[in-house]
file target.csv (CSV, C-alpha atoms and all ligand atoms)
chain,number,residue,atom,x,y,z
A,1,MET,CA,127.6,-114.0,-86.5
A,2,SER,CA,127.0,-117.5,-87.7
A,3,ASP,CA,129.1,-120.5,-86.7
A,4,PRO,CA,131.0,-122.0,-89.7
A,5,ILE,CA,131.6,-125.7,-89.6
A,6,ILE,CA,132.9,-126.1,-93.2
A,7,ASP,CA,134.8,-123.5,-95.1
A,8,VAL,CA,135.9,-124.2,-98.7
A,9,ARG,CA,138.2,-121.7,-100.3
A,10,ASP,CA,139.1,-121.6,-104.0
A,11,ALA,CA,138.7,-125.4,-104.3
A,12,THR,CA,139.8,-126.6,-107.7
A,13,LYS,CA,140.0,-130.1,-109.2
A,14,THR,CA,141.4,-130.8,-112.6
A,15,PHE,CA,141.5,-134.0,-114.6
A,16,GLY,CA,144.2,-133.5,-117.3
A,17,GLY,CA,142.8,-130.5,-119.3
A,18,LEU,CA,139.4,-130.6,-117.7
A,19,THR,CA,138.6,-128.3,-114.7
A,20,ALA,CA,135.8,-130.2,-113.0
A,21,VAL,CA,135.7,-127.9,-110.0
A,22,ASP,CA,136.8,-124.3,-110.6
A,23,ARG,CA,137.8,-122.1,-107.7
A,24,VAL,CA,134.7,-122.8,-105.6
A,25,SER,CA,134.4,-121.0,-102.2
A,26,PHE,CA,131.5,-121.4,-99.7
A,27,THR,CA,130.9,-121.7,-96.0
A,28,VAL,CA,128.4,-124.1,-94.3
A,29,THR,CA,127.0,-123.0,-91.0
A,30,ARG,CA,126.8,-125.5,-88.1
A,31,GLY,CA,123.4,-127.0,-87.9
A,32,GLU,CA,122.0,-126.1,-91.3
A,33,ILE,CA,120.9,-128.1,-94.3
A,34,PHE,CA,122.9,-126.8,-97.3
A,35,GLY,CA,121.7,-127.8,-100.7
A,36,ILE,CA,123.9,-128.2,-103.8
A,37,ALA,CA,122.3,-128.2,-107.3
A,38,GLY,CA,123.6,-128.1,-110.8
A,39,PRO,CA,123.2,-129.8,-114.2
A,40,ASN,CA,124.8,-133.2,-114.9
A,41,GLY,CA,128.5,-132.9,-115.0
A,42,SER,CA,128.6,-129.6,-113.2
A,43,GLY,CA,131.1,-130.8,-110.6
A,44,LYS,CA,128.8,-131.6,-107.6
A,45,SER,CA,130.2,-135.1,-106.9
A,46,THR,CA,133.7,-134.0,-107.6
A,47,LEU,CA,133.2,-131.3,-104.9
A,48,PHE,CA,132.2,-134.0,-102.4
A,49,ASN,CA,135.1,-136.1,-103.4
A,50,LEU,CA,137.7,-133.4,-102.9
A,51,MET,CA,136.1,-132.4,-99.5
A,52,THR,CA,136.2,-135.9,-98.1
A,53,GLY,CA,139.4,-137.1,-99.8
A,54,ILE,CA,137.5,-140.0,-101.3
A,55,PRO,CA,139.2,-140.8,-103.6
A,56,TYR,CA,141.2,-137.5,-104.0
A,57,GLY,CA,141.7,-134.1,-102.4
A,58,PRO,CA,141.7,-130.8,-104.3
A,59,THR,CA,144.3,-129.9,-106.9
A,60,ASN,CA,144.3,-126.4,-105.4
A,61,GLY,CA,142.5,-124.6,-102.6
A,62,GLU,CA,141.6,-125.3,-99.0
A,63,VAL,CA,138.9,-127.3,-97.1
A,64,ARG,CA,138.5,-126.4,-93.4
A,65,PHE,CA,136.4,-128.4,-91.0
A,66,ASN,CA,135.8,-126.9,-87.6
A,67,GLY,CA,138.5,-124.4,-88.4
A,68,GLU,CA,141.2,-126.9,-89.3
A,69,ARG,CA,142.5,-127.7,-92.7
A,70,ILE,CA,141.6,-131.2,-93.8
A,71,ASP,CA,142.6,-131.2,-97.4
A,72,GLY,CA,145.6,-133.6,-97.7
A,73,ARG,CA,144.5,-135.7,-94.7
A,74,PRO,CA,143.7,-139.4,-95.4
A,75,PRO,CA,140.0,-140.1,-96.1
A,76,HIS,CA,139.6,-142.3,-92.9
A,77,ALA,CA,141.0,-139.5,-90.8
A,78,ILE,CA,138.5,-137.1,-92.3
A,79,ALA,CA,135.6,-139.5,-91.7
A,80,ARG,CA,136.6,-140.2,-88.2
A,81,SER,CA,136.9,-136.5,-87.5
A,82,GLY,CA,133.1,-136.3,-88.2
A,83,LEU,CA,132.7,-135.6,-91.9
A,84,CYS,CA,130.8,-138.6,-93.4
A,85,ARG,CA,129.3,-139.1,-96.9
A,86,THR,CA,127.2,-141.3,-99.0
A,87,PHE,CA,127.7,-142.1,-102.7
A,88,GLN,CA,125.3,-142.2,-105.6
A,89,LYS,CA,125.8,-145.9,-105.9
A,90,ASP,CA,125.5,-147.8,-102.7
A,91,ALA,CA,128.5,-150.0,-101.7
A,92,GLU,CA,126.2,-152.7,-100.4
A,93,PHE,CA,126.9,-156.2,-99.3
A,94,PRO,CA,123.9,-158.1,-100.7
A,95,ASP,CA,124.3,-161.2,-98.5
A,96,LEU,CA,124.7,-159.3,-95.3
A,97,SER,CA,121.9,-157.9,-93.3
A,98,ALA,CA,121.5,-154.2,-92.6
A,99,ILE,CA,122.7,-154.6,-89.0
A,100,GLU,CA,125.8,-156.5,-90.2
A,101,THR,CA,126.5,-153.9,-92.9
A,102,LEU,CA,126.3,-151.2,-90.3
A,103,GLN,CA,128.6,-153.0,-87.9
A,104,ILE,CA,131.2,-153.3,-90.7
A,105,SER,CA,130.8,-149.6,-91.4
A,106,ALA,CA,131.2,-148.7,-87.8
A,107,VAL,CA,134.4,-150.8,-87.5
A,108,TYR,CA,135.9,-149.8,-90.9
A,109,SER,CA,134.9,-146.1,-91.2
A,110,GLY,CA,134.3,-145.3,-87.5
A,111,GLY,CA,137.2,-147.2,-86.0
A,112,GLN,CA,134.9,-148.7,-83.3
A,113,SER,CA,135.3,-151.8,-81.3
A,114,ALA,CA,133.0,-154.8,-82.0
A,115,GLY,CA,130.7,-154.1,-79.0
A,116,GLN,CA,130.5,-150.4,-79.7
A,117,ALA,CA,129.8,-151.1,-83.4
A,118,LEU,CA,126.8,-153.3,-82.5
A,119,GLU,CA,125.4,-150.6,-80.2
A,120,ASN,CA,125.9,-147.9,-82.8
A,121,ALA,CA,124.5,-150.1,-85.6
A,122,ARG,CA,121.3,-150.5,-83.5
A,123,ARG,CA,121.2,-146.7,-82.8
A,124,ALA,CA,121.7,-145.9,-86.5
A,125,ILE,CA,118.9,-148.3,-87.5
A,126,ASP,CA,116.7,-146.5,-85.0
A,127,ARG,CA,117.7,-143.0,-86.2
A,128,VAL,CA,116.7,-143.8,-89.8
A,129,GLN,CA,113.4,-145.4,-88.6
A,130,PHE,CA,114.4,-148.7,-90.3
A,131,ASP,CA,111.9,-151.5,-89.6
A,132,GLU,CA,113.7,-153.6,-86.9
A,133,ALA,CA,112.2,-156.9,-88.2
A,134,ARG,CA,113.8,-156.3,-91.6
A,135,ALA,CA,117.2,-155.4,-90.2
A,136,HIS,CA,118.3,-159.0,-90.1
A,137,MET,CA,117.4,-160.1,-93.6
A,138,PRO,CA,119.9,-160.1,-96.5
A,139,SER,CA,120.3,-156.5,-97.9
A,140,SER,CA,119.5,-157.8,-101.4
A,141,GLU,CA,115.9,-158.3,-100.3
A,142,LEU,CA,115.4,-154.7,-99.1
A,143,SER,CA,113.2,-152.2,-101.0
A,144,VAL,CA,114.8,-149.2,-102.8
A,145,TYR,CA,113.7,-147.0,-99.9
A,146,GLU,CA,115.2,-149.3,-97.3
A,147,LYS,CA,118.5,-149.4,-99.2
A,148,LYS,CA,118.5,-145.6,-99.0
A,149,GLN,CA,117.8,-145.8,-95.3
A,150,LEU,CA,120.7,-148.2,-94.9
A,151,MET,CA,123.0,-146.0,-96.9
A,152,ILE,CA,122.2,-143.0,-94.6
A,153,ALA,CA,122.5,-145.2,-91.5
A,154,SER,CA,126.0,-146.4,-92.8
A,155,ALA,CA,127.2,-142.8,-92.6
A,156,LEU,CA,125.4,-142.0,-89.3
A,157,VAL,CA,126.9,-145.1,-87.6
A,158,SER,CA,130.2,-143.1,-87.2
A,159,GLU,CA,128.2,-140.4,-85.3
A,160,PRO,CA,129.3,-137.6,-87.7
A,161,SER,CA,128.7,-133.9,-87.1
A,162,VAL,CA,128.4,-133.4,-90.9
A,163,LEU,CA,126.5,-135.8,-93.2
A,164,MET,CA,127.1,-135.3,-97.0
A,165,LEU,CA,124.4,-137.0,-99.2
A,166,ASP,CA,124.9,-137.4,-102.9
A,167,GLU,CA,121.5,-137.7,-104.6
A,168,PRO,CA,119.7,-139.8,-102.0
A,169,ALA,CA,116.3,-139.3,-103.7
A,170,SER,CA,117.2,-140.9,-107.0
A,171,GLY,CA,114.9,-143.8,-107.8
A,172,LEU,CA,112.4,-143.0,-105.1
A,173,THR,CA,108.7,-142.5,-105.6
A,174,LYS,CA,107.0,-139.2,-104.6
A,175,PRO,CA,105.7,-140.6,-101.2
A,176,GLU,CA,109.1,-142.1,-100.5
A,177,ILE,CA,110.7,-138.7,-101.3
A,178,GLU,CA,108.3,-137.2,-98.7
A,179,ARG,CA,109.5,-139.8,-96.2
A,180,LEU,CA,113.1,-139.0,-97.0
A,181,ASP,CA,112.3,-135.3,-96.5
A,182,ALA,CA,111.0,-135.9,-93.0
A,183,LEU,CA,113.9,-138.2,-92.2
A,184,LEU,CA,116.5,-135.6,-93.2
A,185,VAL,CA,114.8,-133.0,-91.2
A,186,ASP,CA,114.7,-135.4,-88.2
A,187,VAL,CA,118.5,-136.2,-88.6
A,188,ASN,CA,119.3,-132.5,-88.9
A,189,LYS,CA,117.2,-131.7,-85.7
A,190,SER,CA,119.4,-134.2,-83.8
A,191,GLY,CA,122.3,-131.9,-84.4
A,192,VAL,CA,123.8,-133.1,-87.7
A,193,THR,CA,124.7,-130.5,-90.3
A,194,ILE,CA,123.7,-131.8,-93.8
A,195,LEU,CA,125.1,-131.1,-97.2
A,196,LEU,CA,122.7,-132.4,-99.9
A,197,ILE,CA,123.4,-132.9,-103.6
A,198,GLU,CA,120.0,-133.5,-105.2
A,199,HIS,CA,118.4,-133.4,-108.6
A,200,VAL,CA,114.9,-133.7,-107.1
A,201,LEU,CA,114.2,-130.0,-106.7
A,202,SER,CA,111.1,-130.5,-104.6
A,203,LEU,CA,113.2,-132.1,-101.9
A,204,LEU,CA,116.1,-129.7,-102.3
A,205,LEU,CA,113.9,-126.7,-102.0
A,206,SER,CA,111.9,-128.1,-99.2
A,207,VAL,CA,114.7,-128.9,-96.8
A,208,SER,CA,117.6,-126.6,-97.7
A,209,GLU,CA,118.2,-123.4,-95.8
A,210,ARG,CA,120.7,-122.2,-98.4
A,211,LEU,CA,121.4,-123.4,-101.9
A,212,LEU,CA,124.6,-123.4,-104.0
A,213,VAL,CA,124.3,-123.9,-107.8
A,214,LEU,CA,127.2,-125.1,-109.8
A,215,ASN,CA,127.6,-124.9,-113.5
A,216,GLN,CA,130.6,-126.2,-115.4
A,217,GLY,CA,132.5,-126.5,-112.2
A,218,ALA,CA,132.0,-122.9,-111.0
A,219,ILE,CA,129.5,-121.3,-108.7
A,220,LEU,CA,126.6,-119.9,-110.6
A,221,ALA,CA,124.5,-118.8,-107.7
A,222,GLU,CA,124.3,-119.0,-103.9
A,223,GLY,CA,121.7,-117.9,-101.4
A,224,LEU,CA,118.2,-118.5,-100.0
A,225,PRO,CA,116.5,-121.1,-102.2
A,226,ALA,CA,113.6,-118.8,-103.0
A,227,ASP,CA,116.1,-116.2,-104.3
A,228,VAL,CA,118.3,-118.7,-106.2
A,229,VAL,CA,115.4,-120.2,-108.1
A,230,ARG,CA,114.4,-116.8,-109.3
A,231,ASP,CA,117.8,-116.1,-110.7
A,232,PRO,CA,117.5,-116.0,-114.5
A,233,ALA,CA,121.0,-117.5,-114.9
A,234,VAL,CA,120.0,-120.5,-112.8
A,235,ALA,CA,116.7,-120.9,-114.7
A,236,GLU,CA,118.6,-120.9,-118.0
A,237,ALA,CA,121.5,-123.2,-116.9
A,238,TYR,CA,119.5,-125.7,-114.9
A,239,LEU,CA,116.1,-125.2,-113.6
A,240,GLY,CA,114.4,-124.6,-116.9
A,241,GLY,CA,115.0,-128.1,-118.1
A,242,ARG,CA,113.8,-129.8,-114.9
A,243,ASP,CA,110.7,-130.4,-112.8
B,301,LIG,N1,137.9,-139.3,-112.4
B,301,LIG,C1,137.6,-138.5,-113.4
B,301,LIG,N2,138.4,-138.4,-114.5
B,301,LIG,C2,138.1,-137.5,-115.5
B,301,LIG,N3,137.0,-136.7,-115.5
B,301,LIG,C3,136.1,-136.8,-114.5
B,301,LIG,C4,136.4,-137.7,-113.4
B,301,LIG,N4,135.4,-137.5,-112.5
B,301,LIG,C5,134.5,-136.6,-113.0
B,301,LIG,N5,135.0,-136.1,-114.2
B,301,LIG,C6,134.4,-135.1,-115.0
B,301,LIG,O1,134.3,-133.9,-114.2
B,301,LIG,C7,133.0,-133.3,-114.5
B,301,LIG,C8,132.2,-133.1,-113.3
B,301,LIG,O2,131.7,-134.4,-112.9
B,301,LIG,P1,130.8,-134.7,-111.6
B,301,LIG,O3,130.6,-136.1,-111.5
B,301,LIG,O4,131.5,-134.1,-110.4
B,301,LIG,O5,129.5,-133.9,-112.0
B,301,LIG,P2,128.1,-134.0,-111.2
B,301,LIG,O6,127.6,-132.5,-111.1
B,301,LIG,O7,128.2,-134.7,-109.9
B,301,LIG,O8,127.2,-134.8,-112.2
B,301,LIG,P3,125.9,-135.7,-112.0
B,301,LIG,O9,124.8,-134.8,-111.6
B,301,LIG,O10,125.7,-136.3,-113.4
B,301,LIG,O11,126.2,-136.7,-111.0
B,301,LIG,C9,132.4,-134.1,-115.6
B,301,LIG,O12,132.7,-133.5,-116.9
B,301,LIG,C10,133.0,-135.4,-115.5
B,301,LIG,O13,133.0,-136.1,-116.7
call {"tool": "encode", "arguments": {"input": "target.csv", "output": "structure tokens", "more": "lines below"}}
Ligand SMILES: Nc1ncnc2c1ncn2[C@@H]1O[C@H](COP(=O)(O)OP(=O)(O)OP(=O)(O)O)[C@@H](O)[C@H]1O
result
Amino acid sequence: MSDPIIDVRDATKTFGGLTAVDRVSFTVTRGEIFGIAGPNGSGKSTLFNLMTGIPYGPTNGEVRFNGERIDGRPPHAIARSGLCRTFQKDAEFPDLSAIETLQISAVYSGGQSAGQALENARRAIDRVQFDEARAHMPSSELSVYEKKQLMIASALVSEPSVLMLDEPASGLTKPEIERLDALLVDVNKSGVTILLIEHVLSLLLSVSERLLVLNQGAILAEGLPADVVRDPAVAEAYLGGRD
């Protein structure tokens, strides 16, 4: 029997009359890369939001992490328990270097002391294979790929057991997406379970062990990526219009 690390049951999020996430249930197994796809506006980011409490929990339903309910807990408590995420838009500090940004993340999100934060910032730089020489220049001077590395490192600096990535490949070139693919596999092999929202299907299909497809807030399909992409309903709702 597999070892569940995340269990979402009937999660629902409404905004006034709009049901952005509609009774979504799924389980993520410890150690896997779990992909989440779906057309624009299908509820993917809202699902991450309600799972992490940033900036809100579910309207209804339950989110369990390591068997314990976390919906209703404050976001910092969820992050410190080991569930960390990135956002589509980086919350970057353009004047600060990567190493300084990571130290701030470690103190703020991870609740670490200054000494521990520096040590973990260096470790996170190393884990995302960031060029050490560029870790001390202002973040505004970093390339698009380096900013992605920094974004992932900012989540890893808290030493999470689950990393939730929201469209990390957006804006990357094909060779950069291949680098990101290798990086995600490497982070996963170090023992981090990954949930990956991604529109770049080549990446999603390459790294995901299982795939969930949302449409209009509800689950359209779930299973092995090869099976999911063959599902005619998925092709019609989503895959047909994309690469
Ligand atoms: N704070 C909010 N208030 C009102 N409606 C919202 C809010 N956040 C999201 N929505 C709506 O909820 C639905 C789901 O949005 P969401 O951003 O989760 O989709 P998504 O699948 O992540 O889309 P994309 O692929 O474009 O990022 C959309 O109709 C969106 O307009």
call {"tool": "atom_distance", "arguments": {"input": "target.csv", "atom1": "atom CA of Thr52 of chain A", "atom2": "atom O13 of ligand LIG 301 (chain B)"}}
result
18.9 Å
call {"tool": "residues_near_ligand", "arguments": {"input": "target.csv", "ligand": "ligand LIG 301 (chain B)", "cutoff": "9 Å", "atoms": "all atoms listed in the file", "output": "number ranges by chain"}}
result
A: 13-16, 18-21, 37-49, 88, 166-167, 197-199, 214-217
call {"tool": "residues_around", "arguments": {"input": "target.csv", "residues": "Glu32 of chain A", "least_positions_apart": "4", "cutoff": "7 Å", "atoms": "all atoms listed in the file", "output": "JSON, numbers by chain"}}
result
{"A": [193, 194, 209]}
call {"tool": "write_last_selection", "arguments": {"input": "target.csv", "atoms": "C-alpha atoms", "output": "mmCIF file, in the coordinates of the input"}}
result
data_model
loop_
_atom_site.group_PDB
_atom_site.id
_atom_site.type_symbol
_atom_site.label_atom_id
_atom_site.label_comp_id
_atom_site.auth_asym_id
_atom_site.auth_seq_id
_atom_site.Cartn_x
_atom_site.Cartn_y
_atom_site.Cartn_z
ATOM 1 C CA THR A 193 124.700 -130.500 -90.300
ATOM 2 C CA ILE A 194 123.700 -131.800 -93.800
ATOM 3 C CA GLU A 209 118.200 -123.400 -95.800
#
call {"tool": "closest_atom_pairs", "arguments": {"input": "target.csv", "of": "segment 155-221 of chain A", "to": "segment 58-77 of chain A", "cutoff": "12 Å", "atoms": "only C-alpha atoms", "output": "Markdown table"}}
result
| residue | atom | partner | partner_atom | distance |
| --- | --- | --- | --- | --- |
| A:Ser158 | CA | A:His76 | CA | 11.0 |
| A:Ser161 | CA | A:Asn66 | CA | 10.0 |
| A:Val162 | CA | A:Phe65 | CA | 9.4 |
| A:Thr193 | CA | A:Phe65 | CA | 11.9 |
call {"tool": "closest_residue", "arguments": {"input": "target.csv", "among": "A:Glu119, A:Asp126, A:Glu178, A:Glu146", "to": "Ser97 of chain A", "atoms": "only C-alpha atoms"}}
result
A:Glu146
call {"tool": "residues_near_point", "arguments": {"input": "target.csv", "point": "(125.0, -133.3, -99.5)", "cutoff": "7 Å", "atoms": "all atoms listed in the file", "output": "list in words"}}
result
Gly35, Ile36, Leu163, Met164, Leu165, Asp166, Ile194, Leu195, Leu196 and Ile197 of chain A
call {"tool": "atom_distance", "arguments": {"input": "target.csv", "atom1": "atom CA of Glu222 of chain A", "atom2": "atom CA of Ala11 of chain A"}}
result
15.8 Å
call {"tool": "residues_around", "arguments": {"input": "target.csv", "residues": "Ile125 of chain A", "least_positions_apart": "5", "cutoff": "10 Å", "atoms": "only C-alpha atoms", "output": "list in words"}}
result
Ala98, Ile99, Leu102, Asn120, Phe130, Asp131, Glu132, Ala135, Gln149, Leu150, Ile152, Ala153, Ser154, Leu156 and Val157 of chain A
call {"tool": "residues_around", "arguments": {"input": "target.csv", "residues": "Ser2 of chain A", "least_positions_apart": "6", "cutoff": "12 Å", "atoms": "all atoms listed in the file", "output": "list in words"}}
result
Thr27, Val28, Thr29, Arg30, Gly31 and Glu32 of chain A
call {"tool": "write_last_selection", "arguments": {"input": "target.csv", "atoms": "C-alpha atoms", "output": "compact mmCIF listing (two decimals), in the coordinates of the input"}}
result
# COMPACT_ATOMS: atom_id res chain seq x y z
CA THR A 27 130.90 -121.70 -96.00
CA VAL A 28 128.40 -124.10 -94.30
CA THR A 29 127.00 -123.00 -91.00
CA ARG A 30 126.80 -125.50 -88.10
CA GLY A 31 123.40 -127.00 -87.90
CA GLU A 32 122.00 -126.10 -91.30
call {"tool": "closest_residue", "arguments": {"input": "target.csv", "among": "A:Asp181, A:Ala169, A:Glu176, A:Pro55", "to": "Val200 of chain A", "atoms": "all atoms listed in the file"}}
result
A:Ala169
call {"tool": "closest_residue", "arguments": {"input": "target.csv", "among": "A:Val187, A:Val207, A:Leu142, A:Ala121", "to": "Pro94 of chain A", "atoms": "all atoms listed in the file"}}
result
A:Leu142
call {"tool": "atom_distance", "arguments": {"input": "target.csv", "atom1": "atom CA of Thr101 of chain A", "atom2": "atom CA of Ile5 of chain A"}}
result
28.8 Å
call {"tool": "closest_residue", "arguments": {"input": "target.csv", "among": "A:Pro232, A:Gly53, A:Pro160, A:Pro138", "to": "Gly82 of chain A", "atoms": "all atoms listed in the file"}}
result
A:Pro160
call {"tool": "closest_residue", "arguments": {"input": "target.csv", "among": "A:Ala155, A:Ala233, A:Leu96, A:Leu83", "to": "Met137 of chain A", "atoms": "all atoms listed in the file"}}
result
A:Leu96
